[in-house]
$ cat start17.txt   # compact mmCIF, C-alpha atoms and all ligand atoms
# COMPACT_ATOMS: atom_id res chain seq x y z
CA MET A 391 -33.66 -58.00 51.19
CA ILE A 392 -30.00 -58.93 50.83
CA TYR A 393 -27.93 -57.92 53.85
CA ASP A 394 -24.29 -56.84 53.64
CA PHE A 395 -23.44 -58.73 56.80
CA ILE A 396 -25.34 -61.19 58.98
CA ILE A 397 -23.93 -62.26 62.33
CA ILE A 398 -25.22 -65.61 63.62
CA GLY A 399 -24.92 -65.51 67.42
CA GLY A 400 -25.23 -62.37 69.52
CA GLY A 401 -22.65 -63.29 72.11
CA ILE A 402 -19.50 -61.37 72.96
CA SER A 403 -17.75 -62.06 69.68
CA GLY A 404 -20.75 -61.31 67.47
CA VAL A 405 -21.54 -58.05 69.28
CA PHE A 406 -17.97 -56.74 69.03
CA SER A 407 -17.88 -57.67 65.38
CA TYR A 408 -21.11 -55.74 64.83
CA LEU A 409 -19.85 -52.63 66.68
CA THR A 410 -16.58 -52.62 64.70
CA TYR A 411 -18.27 -53.16 61.35
CA LYS A 412 -21.02 -50.57 61.93
CA LYS A 413 -18.45 -47.96 62.95
CA ARG A 414 -16.72 -48.46 59.59
CA LYS A 415 -19.92 -48.80 57.59
CA PRO A 416 -22.74 -46.98 59.36
CA ASN A 417 -25.10 -47.20 56.38
CA SER A 418 -24.65 -50.90 55.74
CA LYS A 419 -27.43 -53.44 56.17
CA CYS A 420 -26.33 -55.57 59.08
CA LEU A 421 -28.27 -58.05 61.22
CA ILE A 422 -27.46 -59.99 64.38
CA ILE A 423 -29.50 -63.19 64.67
CA GLU A 424 -29.63 -64.55 68.22
CA ARG A 425 -31.66 -67.50 69.48
CA ASN A 426 -31.99 -66.25 73.08
CA ASN A 427 -34.42 -63.54 74.14
CA SER A 428 -31.54 -61.13 74.79
CA LEU A 429 -28.00 -60.55 73.57
CA LEU A 430 -24.85 -61.47 75.53
CA LYS A 431 -26.39 -63.98 77.93
CA LYS A 432 -23.10 -65.78 78.59
CA LEU A 433 -21.28 -62.53 79.21
CA SER A 434 -23.94 -61.58 81.76
CA ILE A 435 -22.93 -64.46 84.07
CA SER A 436 -19.22 -64.49 83.29
CA GLY A 437 -16.60 -64.20 86.01
CA ASN A 438 -19.11 -65.12 88.72
CA GLY A 439 -21.28 -62.25 87.52
CA LYS A 440 -18.34 -59.81 87.59
CA CYS A 441 -17.07 -60.28 83.99
CA ASN A 442 -13.33 -60.83 83.97
CA PHE A 443 -12.88 -59.47 80.45
CA THR A 444 -9.12 -59.41 79.92
CA ASN A 445 -5.72 -59.90 81.53
CA ASP A 446 -2.41 -58.05 81.75
CA TYR A 447 -0.57 -61.19 80.68
CA LEU A 448 -2.55 -61.61 77.46
CA ASN A 449 -0.49 -63.15 74.68
CA TYR A 450 -0.91 -66.05 72.27
CA LYS A 451 1.21 -68.40 74.38
CA LYS A 452 -1.53 -68.51 77.03
CA TYR A 453 -3.83 -70.32 74.59
CA ASN A 454 -4.21 -73.88 73.37
CA ASN A 455 -3.42 -73.59 69.64
CA GLY A 456 -2.59 -69.89 70.19
CA GLU A 457 0.35 -70.03 67.77
CA ASN A 458 -2.17 -70.09 64.91
CA PHE A 459 -3.55 -66.74 66.16
CA LYS A 460 -0.18 -65.07 66.87
CA ASN A 461 -1.02 -61.92 64.96
CA LEU A 462 -4.41 -61.57 66.63
CA ILE A 463 -3.55 -62.13 70.30
CA ILE A 464 -0.71 -59.75 71.01
CA ASN A 465 -1.65 -57.90 74.20
CA ASN A 466 -4.69 -56.33 75.87
CA LYS A 467 -4.15 -52.74 74.64
CA LYS A 468 -6.80 -52.90 71.93
CA ILE A 469 -9.40 -54.22 74.38
CA LEU A 470 -8.63 -51.65 77.06
CA SER A 471 -8.72 -48.74 74.62
CA LEU A 472 -12.04 -50.03 73.28
CA PHE A 473 -13.46 -50.23 76.80
CA ASP A 474 -12.17 -46.67 77.41
CA ASP A 475 -13.98 -45.51 74.26
CA LEU A 476 -17.16 -47.27 75.38
CA GLY A 477 -16.96 -45.54 78.76
CA ILE A 478 -16.60 -48.80 80.68
CA VAL A 479 -14.47 -47.97 83.72
CA TYR A 480 -12.43 -50.93 84.90
CA TYR A 481 -9.87 -52.06 87.48
CA LYS A 482 -7.18 -54.71 87.65
CA ASP A 483 -6.71 -57.18 90.51
CA GLU A 484 -3.34 -58.33 91.85
CA GLU A 485 -3.27 -61.25 89.42
CA GLY A 486 -3.65 -59.03 86.36
CA ARG A 487 -7.34 -59.78 85.79
CA PHE A 488 -9.49 -56.89 84.56
CA TYR A 489 -13.09 -56.31 85.70
CA PRO A 490 -15.57 -53.51 85.13
CA TYR A 491 -15.55 -51.03 88.01
CA SER A 492 -19.24 -51.85 88.52
CA ASN A 493 -18.25 -55.48 89.23
CA SER A 494 -21.35 -56.25 87.23
CA ALA A 495 -21.33 -58.31 84.05
CA LYS A 496 -24.97 -57.27 83.63
CA SER A 497 -23.96 -53.59 83.44
CA VAL A 498 -21.56 -54.44 80.58
CA GLN A 499 -24.30 -56.48 78.88
CA THR A 500 -26.79 -53.60 79.20
CA LEU A 501 -24.36 -50.96 77.99
CA LEU A 502 -23.21 -52.97 74.96
CA THR A 503 -26.80 -53.84 74.05
CA SER A 504 -27.76 -50.16 74.19
CA LEU A 505 -25.15 -49.41 71.50
CA ILE A 506 -26.83 -51.70 69.00
CA ASN A 507 -29.59 -50.44 66.73
CA GLU A 508 -32.72 -52.39 67.70
CA ASP A 509 -33.65 -52.86 64.04
CA ASP A 510 -30.34 -54.67 63.51
CA VAL A 511 -31.22 -57.46 65.97
CA LEU A 512 -33.47 -60.45 65.57
CA LEU A 513 -33.94 -62.41 68.79
CA LYS A 514 -35.51 -65.82 69.44
CA THR A 515 -34.35 -67.04 66.03
CA THR A 516 -32.18 -70.12 65.62
CA ILE A 517 -30.27 -70.61 62.38
CA ILE A 518 -29.91 -74.26 61.45
CA SER A 519 -28.45 -74.14 57.97
CA ILE A 520 -26.30 -72.00 55.70
CA GLU A 521 -25.95 -72.37 51.94
CA TYR A 522 -23.77 -70.58 49.41
CA ASP A 523 -24.66 -69.73 45.83
CA LYS A 524 -21.37 -69.46 43.94
CA SER A 525 -22.75 -67.56 40.97
CA SER A 526 -24.47 -64.78 42.92
CA LYS A 527 -21.97 -64.97 45.84
CA ILE A 528 -24.90 -64.79 48.24
CA TRP A 529 -25.40 -66.78 51.44
CA THR A 530 -28.84 -68.09 52.37
CA LEU A 531 -29.57 -68.81 56.02
CA LEU A 532 -32.47 -70.90 57.19
CA SER A 533 -33.98 -70.68 60.66
CA ILE A 534 -35.53 -73.52 62.62
CA ASP A 535 -38.98 -72.01 61.91
CA ASN A 536 -38.27 -71.85 58.16
CA LYS A 537 -37.43 -68.17 57.78
CA GLU A 538 -34.89 -67.32 55.10
CA PHE A 539 -32.24 -64.60 55.26
CA LYS A 540 -29.80 -63.57 52.52
CA SER A 541 -26.46 -61.87 52.92
CA LYS A 542 -23.20 -61.15 51.09
CA ASN A 543 -21.14 -61.92 54.19
CA ILE A 544 -21.87 -64.03 57.24
CA LEU A 545 -20.13 -64.51 60.57
CA ILE A 546 -20.66 -67.66 62.59
CA SER A 547 -20.09 -66.60 66.19
CA THR A 548 -22.40 -69.15 67.78
CA GLY A 549 -19.98 -70.31 70.45
CA SER A 550 -19.21 -74.01 70.61
CA ILE A 551 -21.13 -76.74 72.48
CA ASN A 552 -20.26 -75.92 76.08
CA TYR A 553 -22.82 -74.45 78.47
CA PRO A 554 -25.73 -75.14 76.07
CA SER A 555 -28.26 -73.73 78.54
CA LEU A 556 -27.08 -70.29 77.38
CA GLY A 557 -27.63 -71.00 73.69
CA SER A 558 -24.42 -72.55 72.41
CA ASP A 559 -25.24 -76.17 71.57
CA GLY A 560 -23.65 -76.60 68.13
CA ILE A 561 -26.97 -76.88 66.32
CA ILE A 562 -25.37 -75.26 63.26
CA PHE A 563 -22.29 -77.53 63.20
CA LYS A 564 -23.94 -80.12 60.93
CA SER A 565 -24.56 -77.52 58.26
CA ILE A 566 -21.00 -76.15 58.53
CA LYS A 567 -19.60 -79.67 58.21
CA SER A 568 -21.77 -80.36 55.18
CA LEU A 569 -19.89 -77.55 53.38
CA GLY A 570 -16.72 -79.63 53.82
CA ILE A 571 -15.35 -77.44 56.63
CA ASN A 572 -13.41 -79.46 59.18
CA PHE A 573 -13.45 -79.30 62.95
CA THR A 574 -10.70 -80.61 65.21
CA ASP A 575 -11.77 -82.96 68.01
CA ILE A 576 -13.51 -81.09 70.79
CA PHE A 577 -13.37 -81.48 74.58
CA PRO A 578 -14.88 -79.60 77.51
CA SER A 579 -12.44 -77.24 79.18
CA ASN A 580 -12.25 -74.98 82.22
CA ILE A 581 -14.23 -77.61 84.04
CA TYR A 582 -13.91 -79.96 87.01
CA ILE A 583 -11.96 -83.21 86.60
CA ASN A 584 -13.52 -86.58 87.43
CA CYS A 585 -11.18 -88.89 89.36
CA LYS A 586 -11.23 -92.58 90.17
CA GLU A 587 -10.76 -92.38 93.98
CA THR A 588 -14.51 -91.98 94.57
CA ASP A 589 -14.40 -93.15 98.23
CA VAL A 590 -11.89 -90.44 99.14
CA LEU A 591 -13.74 -87.83 97.07
CA LYS A 592 -17.05 -88.64 98.71
CA GLU A 593 -15.47 -88.19 102.13
CA LEU A 594 -14.01 -84.81 101.15
CA SER A 595 -17.00 -83.66 99.09
CA GLY A 596 -17.93 -80.03 99.77
CA LEU A 597 -14.61 -79.19 101.43
CA ARG A 598 -12.24 -76.49 100.14
CA PHE A 599 -8.48 -76.42 100.67
CA LYS A 600 -5.71 -73.99 99.77
CA ALA A 601 -3.32 -76.33 97.99
CA CYS A 602 -1.17 -76.87 94.93
CA ILE A 603 -2.58 -79.15 92.24
CA SER A 604 -0.35 -80.75 89.60
CA LEU A 605 -1.09 -82.63 86.40
CA TYR A 606 1.03 -85.56 85.24
CA ASN A 607 0.79 -87.58 82.03
CA SER A 608 2.82 -90.82 81.81
CA ASN A 609 4.64 -89.54 84.91
CA ASP A 610 5.71 -86.38 83.03
CA HIS A 611 4.93 -83.22 84.92
CA ILE A 612 2.63 -81.06 82.75
CA TYR A 613 1.40 -78.21 84.94
CA SER A 614 0.98 -77.01 88.54
CA GLU A 615 -1.02 -74.21 90.09
CA SER A 616 -1.76 -73.12 93.64
CA GLY A 617 -5.09 -71.86 94.90
CA GLU A 618 -8.41 -73.03 96.26
CA ILE A 619 -9.40 -76.60 95.49
CA LEU A 620 -12.97 -77.77 95.91
CA PHE A 621 -13.89 -81.44 96.30
CA LYS A 622 -17.04 -82.86 94.76
CA ASP A 623 -18.56 -86.36 95.02
CA LYS A 624 -16.65 -87.72 92.04
CA ALA A 625 -14.45 -84.83 91.00
CA ILE A 626 -11.99 -82.11 91.92
CA SER A 627 -13.06 -78.57 91.08
CA GLY A 628 -12.23 -74.89 91.70
CA ILE A 629 -10.57 -72.29 89.46
CA VAL A 630 -7.08 -73.82 89.68
CA THR A 631 -8.51 -77.20 88.68
CA PHE A 632 -10.30 -75.50 85.76
CA ASN A 633 -6.90 -74.22 84.64
CA VAL A 634 -5.44 -77.72 84.93
CA SER A 635 -8.39 -79.01 82.86
CA SER A 636 -7.35 -76.66 80.06
CA LYS A 637 -3.98 -78.47 79.79
CA LEU A 638 -5.70 -81.84 80.16
CA ALA A 639 -8.23 -81.06 77.40
CA TYR A 640 -5.33 -80.15 75.10
CA LEU A 641 -3.73 -83.56 75.77
CA TYR A 642 -7.02 -85.34 75.02
CA LYS A 643 -7.58 -83.28 71.87
CA ASN A 644 -4.14 -84.08 70.51
CA HIS A 645 -4.37 -87.79 71.44
CA LEU A 646 -1.41 -87.41 73.81
CA ILE A 647 -3.18 -88.71 76.88
CA SER A 648 -1.54 -91.61 78.73
CA LYS A 649 -2.28 -92.58 82.34
CA PRO A 650 -2.96 -89.03 83.50
CA TYR A 651 -3.12 -88.28 87.20
CA LEU A 652 -3.30 -85.33 89.60
CA THR A 653 -1.36 -84.78 92.77
CA ILE A 654 -2.35 -82.39 95.52
CA ASP A 655 0.12 -80.78 97.89
CA PHE A 656 -1.98 -79.89 100.93
CA MET A 657 0.87 -78.03 102.67
CA GLU A 658 2.79 -76.21 99.99
CA ASP A 659 4.61 -73.93 102.40
CA TYR A 660 6.05 -76.88 104.37
CA SER A 661 8.86 -79.08 103.05
CA LYS A 662 8.94 -82.79 103.87
CA ASP A 663 11.66 -82.04 106.45
CA ASP A 664 9.49 -79.33 108.02
CA LEU A 665 6.67 -81.85 108.27
CA LEU A 666 8.92 -84.49 109.78
CA LYS A 667 9.93 -82.04 112.53
CA LEU A 668 6.31 -81.07 113.09
CA PHE A 669 5.15 -84.68 113.45
CA LYS A 670 8.06 -85.57 115.73
CA LYS A 671 6.98 -82.97 118.29
CA GLU A 672 3.99 -85.13 119.14
CA ASN A 673 3.80 -88.95 119.32
CA ASP A 674 0.15 -89.16 118.49
CA LEU A 675 -0.13 -89.02 114.66
CA ASN A 676 -3.88 -88.67 114.71
CA LYS A 677 -3.71 -85.69 117.05
CA THR A 678 -1.14 -83.92 114.86
CA LEU A 679 -3.27 -84.55 111.77
CA LEU A 680 -6.32 -83.10 113.50
CA GLY A 681 -4.25 -80.05 114.37
CA LEU A 682 -3.55 -79.56 110.67
CA PHE A 683 -6.61 -80.57 108.68
CA HIS A 684 -10.38 -80.89 108.57
CA PRO A 685 -11.26 -84.14 110.42
CA ASN A 686 -12.37 -85.87 107.20
CA LEU A 687 -8.98 -85.34 105.55
CA ALA A 688 -7.13 -86.11 108.79
CA ASN A 689 -9.06 -89.37 109.03
CA ILE A 690 -8.34 -90.35 105.41
CA LEU A 691 -4.62 -89.69 105.84
CA TYR A 692 -4.54 -91.64 109.10
CA GLN A 693 -6.50 -94.63 107.74
CA ARG A 694 -4.64 -95.14 104.47
CA CYS A 695 -1.06 -94.73 105.67
CA ASN A 696 1.11 -97.30 107.45
CA ASN A 697 3.78 -94.98 108.78
CA LEU A 698 4.88 -91.37 109.12
CA ASN A 699 6.67 -91.36 105.77
CA ASP A 700 3.49 -92.46 103.99
CA ILE A 701 1.53 -89.71 105.70
CA ILE A 702 4.06 -87.04 104.73
CA ASN A 703 4.13 -88.30 101.14
CA ASP A 704 0.34 -88.15 100.99
CA ILE A 705 0.22 -84.64 102.46
CA LYS A 706 2.75 -83.41 99.89
CA SER A 707 1.58 -85.43 96.92
CA PHE A 708 -1.84 -87.04 97.29
CA LYS A 709 -2.45 -88.91 94.04
CA PHE A 710 -5.78 -88.97 92.16
CA GLU A 711 -6.06 -90.97 88.95
CA ILE A 712 -7.97 -89.05 86.30
CA ASP A 713 -11.13 -90.65 85.00
CA SER A 714 -12.32 -87.94 82.60
CA LEU A 715 -12.98 -84.26 82.09
CA GLY A 716 -16.29 -82.93 83.43
CA ASP A 717 -19.22 -82.47 81.08
CA PHE A 718 -19.91 -79.93 78.33
CA GLU A 719 -23.04 -78.78 80.23
CA HIS A 720 -20.89 -77.05 82.84
CA ALA A 721 -17.67 -76.33 80.93
CA GLN A 722 -16.76 -72.66 80.52
CA VAL A 723 -15.13 -73.19 77.12
CA THR A 724 -14.52 -75.84 74.49
CA CYS A 725 -11.04 -77.01 73.55
CA GLY A 726 -10.97 -77.53 69.77
CA GLY A 727 -13.30 -76.21 67.08
CA ILE A 728 -13.07 -75.04 63.47
CA ASP A 729 -9.73 -76.32 62.21
CA SER A 730 -7.31 -73.37 61.88
CA LYS A 731 -6.36 -74.67 58.43
CA GLU A 732 -9.87 -73.72 57.28
CA ILE A 733 -9.39 -69.98 57.83
CA ASN A 734 -7.09 -67.17 56.78
CA GLU A 735 -5.69 -64.28 58.86
CA GLU A 736 -8.97 -62.38 58.43
CA LEU A 737 -10.79 -65.42 59.91
CA GLU A 738 -12.50 -65.97 56.56
CA SER A 739 -13.03 -69.47 55.24
CA ASN A 740 -10.36 -70.63 52.79
CA LYS A 741 -13.03 -72.55 50.89
CA PHE A 742 -15.85 -69.96 50.69
CA SER A 743 -15.64 -66.21 50.36
CA GLY A 744 -17.83 -64.18 52.70
CA LEU A 745 -17.90 -66.86 55.43
CA TYR A 746 -16.21 -65.87 58.69
CA PHE A 747 -15.79 -67.45 62.14
CA SER A 748 -14.99 -65.90 65.50
CA GLY A 749 -14.99 -66.64 69.23
CA ASP A 750 -15.44 -69.99 70.94
CA ILE A 751 -16.26 -71.86 67.74
CA LEU A 752 -12.63 -71.48 66.65
CA ASP A 753 -9.92 -73.87 67.82
CA CYS A 754 -8.40 -71.52 70.39
CA ASP A 755 -9.03 -71.57 74.14
CA ALA A 756 -7.27 -70.62 77.33
CA PRO A 757 -7.46 -71.10 81.09
CA CYS A 758 -9.53 -68.78 83.29
CA GLY A 759 -8.40 -65.19 83.75
CA GLY A 760 -10.18 -63.16 81.07
CA TYR A 761 -8.39 -64.81 78.14
CA ASN A 762 -11.45 -66.40 76.55
CA ILE A 763 -13.54 -63.24 76.52
CA SER A 764 -10.44 -61.45 75.16
CA PHE A 765 -10.24 -63.92 72.29
CA ALA A 766 -13.96 -63.58 71.58
CA ILE A 767 -13.57 -59.78 71.46
CA LEU A 768 -10.36 -59.72 69.39
CA SER A 769 -11.57 -62.26 66.85
CA GLY A 770 -14.95 -60.50 66.56
CA ILE A 771 -13.22 -57.17 65.98
CA LYS A 772 -10.96 -58.76 63.37
CA VAL A 773 -13.94 -59.87 61.30
CA GLY A 774 -15.64 -56.48 61.72
CA GLU A 775 -12.47 -54.84 60.39
CA SER A 776 -12.04 -57.23 57.48
CA ILE A 777 -15.39 -57.32 55.69
CA GLU A 778 -15.60 -55.02 52.68
C1 LIG A 801 -20.21 -69.65 83.55
C2 LIG A 801 -19.14 -69.07 82.64
C3 LIG A 801 -18.32 -68.08 83.13
C4 LIG A 801 -17.31 -67.55 82.30
N1 LIG A 801 -16.50 -66.55 82.78
C5 LIG A 801 -15.53 -66.02 82.00
C6 LIG A 801 -14.72 -64.94 82.44
O1 LIG A 801 -14.92 -64.36 83.52
N2 LIG A 801 -13.72 -64.52 81.62
C7 LIG A 801 -13.48 -65.07 80.38
O2 LIG A 801 -12.57 -64.65 79.68
N3 LIG A 801 -14.27 -66.07 79.91
C8 LIG A 801 -15.30 -66.53 80.68
N4 LIG A 801 -16.11 -67.53 80.18
C9 LIG A 801 -15.93 -67.95 78.78
C10 LIG A 801 -16.58 -66.90 77.86
O3 LIG A 801 -17.86 -66.56 78.34
C11 LIG A 801 -16.67 -67.41 76.42
O4 LIG A 801 -15.36 -67.68 75.98
C12 LIG A 801 -17.33 -66.37 75.50
O5 LIG A 801 -18.66 -66.16 75.91
C13 LIG A 801 -17.30 -66.80 74.05
O6 LIG A 801 -17.97 -65.82 73.29
P1 LIG A 801 -18.69 -66.20 71.91
O7 LIG A 801 -19.32 -64.93 71.45
O8 LIG A 801 -17.77 -66.92 71.04
O9 LIG A 801 -19.81 -67.25 72.32
P2 LIG A 801 -21.09 -67.08 73.25
O10 LIG A 801 -20.86 -66.03 74.26
O11 LIG A 801 -21.43 -68.45 73.68
O12 LIG A 801 -22.20 -66.52 72.26
C14 LIG A 801 -22.73 -67.31 71.23
C15 LIG A 801 -24.16 -66.87 71.00
O13 LIG A 801 -24.65 -67.50 69.83
C16 LIG A 801 -26.01 -67.89 70.05
N5 LIG A 801 -26.31 -69.00 69.13
C17 LIG A 801 -25.75 -70.23 69.15
N6 LIG A 801 -26.20 -70.97 68.10
C18 LIG A 801 -27.06 -70.17 67.42
C19 LIG A 801 -27.85 -70.36 66.26
N7 LIG A 801 -27.79 -71.51 65.59
N8 LIG A 801 -28.64 -69.36 65.84
C20 LIG A 801 -28.69 -68.17 66.53
N9 LIG A 801 -27.96 -67.93 67.63
C21 LIG A 801 -27.14 -68.91 68.08
C22 LIG A 801 -26.04 -68.28 71.50
O14 LIG A 801 -27.35 -68.21 72.02
C23 LIG A 801 -25.08 -67.27 72.14
O15 LIG A 801 -25.77 -66.12 72.60
C24 LIG A 801 -17.14 -68.04 80.97
C25 LIG A 801 -18.01 -69.02 80.49
C26 LIG A 801 -19.01 -69.52 81.30
C27 LIG A 801 -19.95 -70.57 80.75
$ encode --input "start17.txt" --output "structure tokens"
Amino acid sequence: MIYDFIIIGGGISGVFSYLTYKKRKPNSKCLIIERNNSLLKKLSISGNGKCNFTNDYLNYKKYNNGENFKNLIINNKKILSLFDDLGIVYYKDEEGRFYPYSNSAKSVQTLLTSLINEDDVLLKTTIISIEYDKSSKIWTLLSIDNKEFKSKNILISTGSINYPSLGSDGIIFKSIKSLGINFTDIFPSNIYINCKETDVLKELSGLRFKACISLYNSNDHIYSESGEILFKDKAISGIVTFNVSSKLAYLYKNHLISKPYLTIDFMEDYSKDDLLKLFKKENDLNKTLLGLFHPNLANILYQRCNNLNDIINDIKSFKFEIDSLGDFEHAQVTCGGIDSKEINEELESNKFSGLYFSGDILDCDAPCGGYNISFAILSGIKVGESIE
């Protein structure tokens, strides 16, 4: 059988592409091929299990390489009206993040899966190669267990190589590259950041602080965000650090990195003068520090500083030299992917007709906040709308 449309990867992007396409062409022969034993596995754990699916501040400027998707990422209206149509009730938090009213990513997974015709899904099947026959204009897909599938159009919505435990490990990249399709360099993003001050990190490991974290590159200020910071043995983590990692990954990807470091302001709501007054109330530095911080941090500040000025500088701007981004195994997204020059506005390959890409595999990623699921949805819809 020759399908009209085969979707490789039943994640968020692939599923929304399917729903859009099937609505337009209910009688078409369409198949989703997914290697996991169920669809939408990554969605089912997204947003700490709550599924932060979009954001009020959605626009292309939020994204690394977003300018190449200007016409796709405009606002969240399309996503919200789609969720309304699907009967998914949602709410918005004070930071503009949207969640399903159920607070359950699994409920979204179950509902979306129920909308897909069972005969249109093939699970536990991993596609490892794609080939195009120019004369017949037909694509042939080969699975790891040697099954062949033929289709007029194919969508590669396999995700990238981050979080491979949920199916996205880039196993199909080799075959895509062999067609002469280029990828930009890729880096893990929305991930913890490994730093060089391992003694300090070990001492603080497991502790959380409300603080402001800033990224510098060659002493240029790149980005700052306030929120909860979590210390690990060799790294700094937490959502705000994930957002910093998004900017850092962009620097790595574009070969702009030069002596990057982080600073942490442990008392954002106090100026240096405020701190000076506070410390002058009491002669015993150690006692004042213990009145302000967890003993481990108080001890570090006390041990490494020679005088009050040093202590205040460290409280306001504790420096951590960056060693590297965390690993792909735990990264929420990948920075980089299919080079935007390879695709047109419909997300179809410029080199091959009938070959489309959507979601994480494309070179477009954003910090946390619902932006990445939004991009997966919008790009999937775009392909579903485009295929004739
Ligand atoms: C822990 C975690 C939490 C997250 N939370 C949020 C959040 O709250 N909000 C947000 O906006 N973003 C979040 N993200 C990011 C978001 O989940 C991704 O951006 C999104 O899933 C990308 O969708 P996708 O369809 O492109 O890829 P995926 O969701 O990764 O789907 C790709 C699918 O393709 C399948 N596949 C891969 N290769 C093959 C193959 N060769 N053959 C067959 N099938 C294949 C995979 O098994 C997978 O099911 C989170 C990510 C993680 C890891």
$ residues_around --input "start17.txt" --residues "stretch 581-593 of chain A" --least-positions-apart "6" --cutoff "6 Å" --atoms "all atoms listed in the file" --output "PyMOL selection string"
chain A and resi 623-627+632+711-716+721
$ closest_residue --input "start17.txt" --among "A:Ile528, A:Cys758, A:Ile544, A:Leu745" --to "A:Val630" --atoms "only C-alpha atoms"
A:Cys758
$ residues_near_point --input "start17.txt" --point "(-25.8, -69.6, 48.7)" --cutoff "12 Å" --atoms "all atoms listed in the file" --output "list in words"
Ile392, Ser519, Ile520, Glu521, Tyr522, Asp523, Lys524, Ser525, Ser526, Lys527, Ile528, Trp529, Thr530, Leu531, Leu532, Glu538, Phe539, Lys540, Ser541, Lys542, Asn543, Ile544, Leu569, Phe742, Ser743, Gly744 and Leu745 of chain A
$ closest_residue --input "start17.txt" --among "A:Leu462, A:Ile777, A:Ile771, A:Ile562" --to "A:Ser550" --atoms "only C-alpha atoms"
A:Ile562
$ residues_near_ligand --input "start17.txt" --ligand "ligand LIG 801 (chain A)" --cutoff "6 Å" --atoms "all atoms listed in the file" --output "ChimeraX atom specification"
/A:398-404,423-426,430-433,435-437,441-443,515-518,547-549,553,556-558,561-562,722-723,749-750,759-764,766
$ residues_around --input "start17.txt" --residues "A:Leu652" --least-positions-apart "2" --cutoff "6 Å" --atoms "only C-alpha atoms" --output "PyMOL selection string"
chain A and resi 604-605+709-710
$ write_last_selection --input "start17.txt" --atoms "C-alpha atoms" --output "PDB file, keeping the file's coordinate frame"
ATOM      1  CA  SER A 604      -0.350 -80.750  89.600  1.00  0.00           C
ATOM      2  CA  LEU A 605      -1.090 -82.630  86.400  1.00  0.00           C
ATOM      3  CA  LYS A 709      -2.450 -88.910  94.040  1.00  0.00           C
ATOM      4  CA  PHE A 710      -5.780 -88.970  92.160  1.00  0.00           C
TER       5      PHE A 710
END
$ closest_residue --input "start17.txt" --among "A:Phe765, A:Phe669, A:Phe577, A:Tyr447" --to "A:Asn465" --atoms "all atoms listed in the file"
A:Tyr447
$ atom_distance --input "start17.txt" --atom1 "atom CA of A:Lys467" --atom2 "atom CA of A:Ile396"
27.7 Å
$ closest_residue --input "start17.txt" --among "A:Leu421, A:Leu502, A:Cys725, A:Leu680" --to "A:Asn580" --atoms "only C-alpha atoms"
A:Cys725
$ atom_distance --input "start17.txt" --atom1 "atom CA of A:Ser492" --atom2 "atom CA of A:Glu719"
28.4 Å
$ closest_residue --input "start17.txt" --among "A:Tyr481, A:Ile612, A:Phe459, A:Phe621" --to "A:Leu752" --atoms "all atoms listed in the file"
A:Phe459
$ build_atoms --input "start17.txt" --residues "stretch 598-608 of chain A" --atoms "N, CA and C atoms" --output "PDB file, in the frame of the given file"
ATOM      1  N   ARG A 598     -13.166 -77.306 100.938  1.00  0.00           N
ATOM      2  CA  ARG A 598     -12.240 -76.490 100.140  1.00  0.00           C
ATOM      3  C   ARG A 598     -10.897 -76.444 100.855  1.00  0.00           C
ATOM      4  N   PHE A 599      -9.825 -76.506 100.096  1.00  0.00           N
ATOM      5  CA  PHE A 599      -8.480 -76.420 100.670  1.00  0.00           C
ATOM      6  C   PHE A 599      -7.630 -75.469  99.837  1.00  0.00           C
ATOM      7  N   LYS A 600      -6.752 -74.736 100.497  1.00  0.00           N
ATOM      8  CA  LYS A 600      -5.710 -73.990  99.770  1.00  0.00           C
ATOM      9  C   LYS A 600      -4.593 -74.999  99.534  1.00  0.00           C
ATOM     10  N   ALA A 601      -4.278 -75.272  98.293  1.00  0.00           N
ATOM     11  CA  ALA A 601      -3.320 -76.330  97.990  1.00  0.00           C
ATOM     12  C   ALA A 601      -2.703 -76.088  96.623  1.00  0.00           C
ATOM     13  N   CYS A 602      -1.742 -76.945  96.279  1.00  0.00           N
ATOM     14  CA  CYS A 602      -1.170 -76.870  94.930  1.00  0.00           C
ATOM     15  C   CYS A 602      -1.563 -78.140  94.192  1.00  0.00           C
ATOM     16  N   ILE A 603      -2.146 -77.978  93.020  1.00  0.00           N
ATOM     17  CA  ILE A 603      -2.580 -79.150  92.240  1.00  0.00           C
ATOM     18  C   ILE A 603      -1.668 -79.285  91.023  1.00  0.00           C
ATOM     19  N   SER A 604      -1.252 -80.510  90.738  1.00  0.00           N
ATOM     20  CA  SER A 604      -0.350 -80.750  89.600  1.00  0.00           C
ATOM     21  C   SER A 604      -0.929 -81.816  88.686  1.00  0.00           C
ATOM     22  N   LEU A 605      -0.652 -81.655  87.401  1.00  0.00           N
ATOM     23  CA  LEU A 605      -1.090 -82.630  86.400  1.00  0.00           C
ATOM     24  C   LEU A 605       0.118 -83.388  85.864  1.00  0.00           C
ATOM     25  N   TYR A 606      -0.016 -84.715  85.824  1.00  0.00           N
ATOM     26  CA  TYR A 606       1.030 -85.560  85.240  1.00  0.00           C
ATOM     27  C   TYR A 606       0.414 -86.421  84.133  1.00  0.00           C
ATOM     28  N   ASN A 607       1.211 -86.684  83.102  1.00  0.00           N
ATOM     29  CA  ASN A 607       0.790 -87.580  82.030  1.00  0.00           C
ATOM     30  C   ASN A 607       1.947 -88.534  81.784  1.00  0.00           C
ATOM     31  N   SER A 608       1.721 -89.831  81.891  1.00  0.00           N
ATOM     32  CA  SER A 608       2.820 -90.820  81.810  1.00  0.00           C
ATOM     33  C   SER A 608       3.963 -90.427  82.731  1.00  0.00           C
TER      34      SER A 608
END
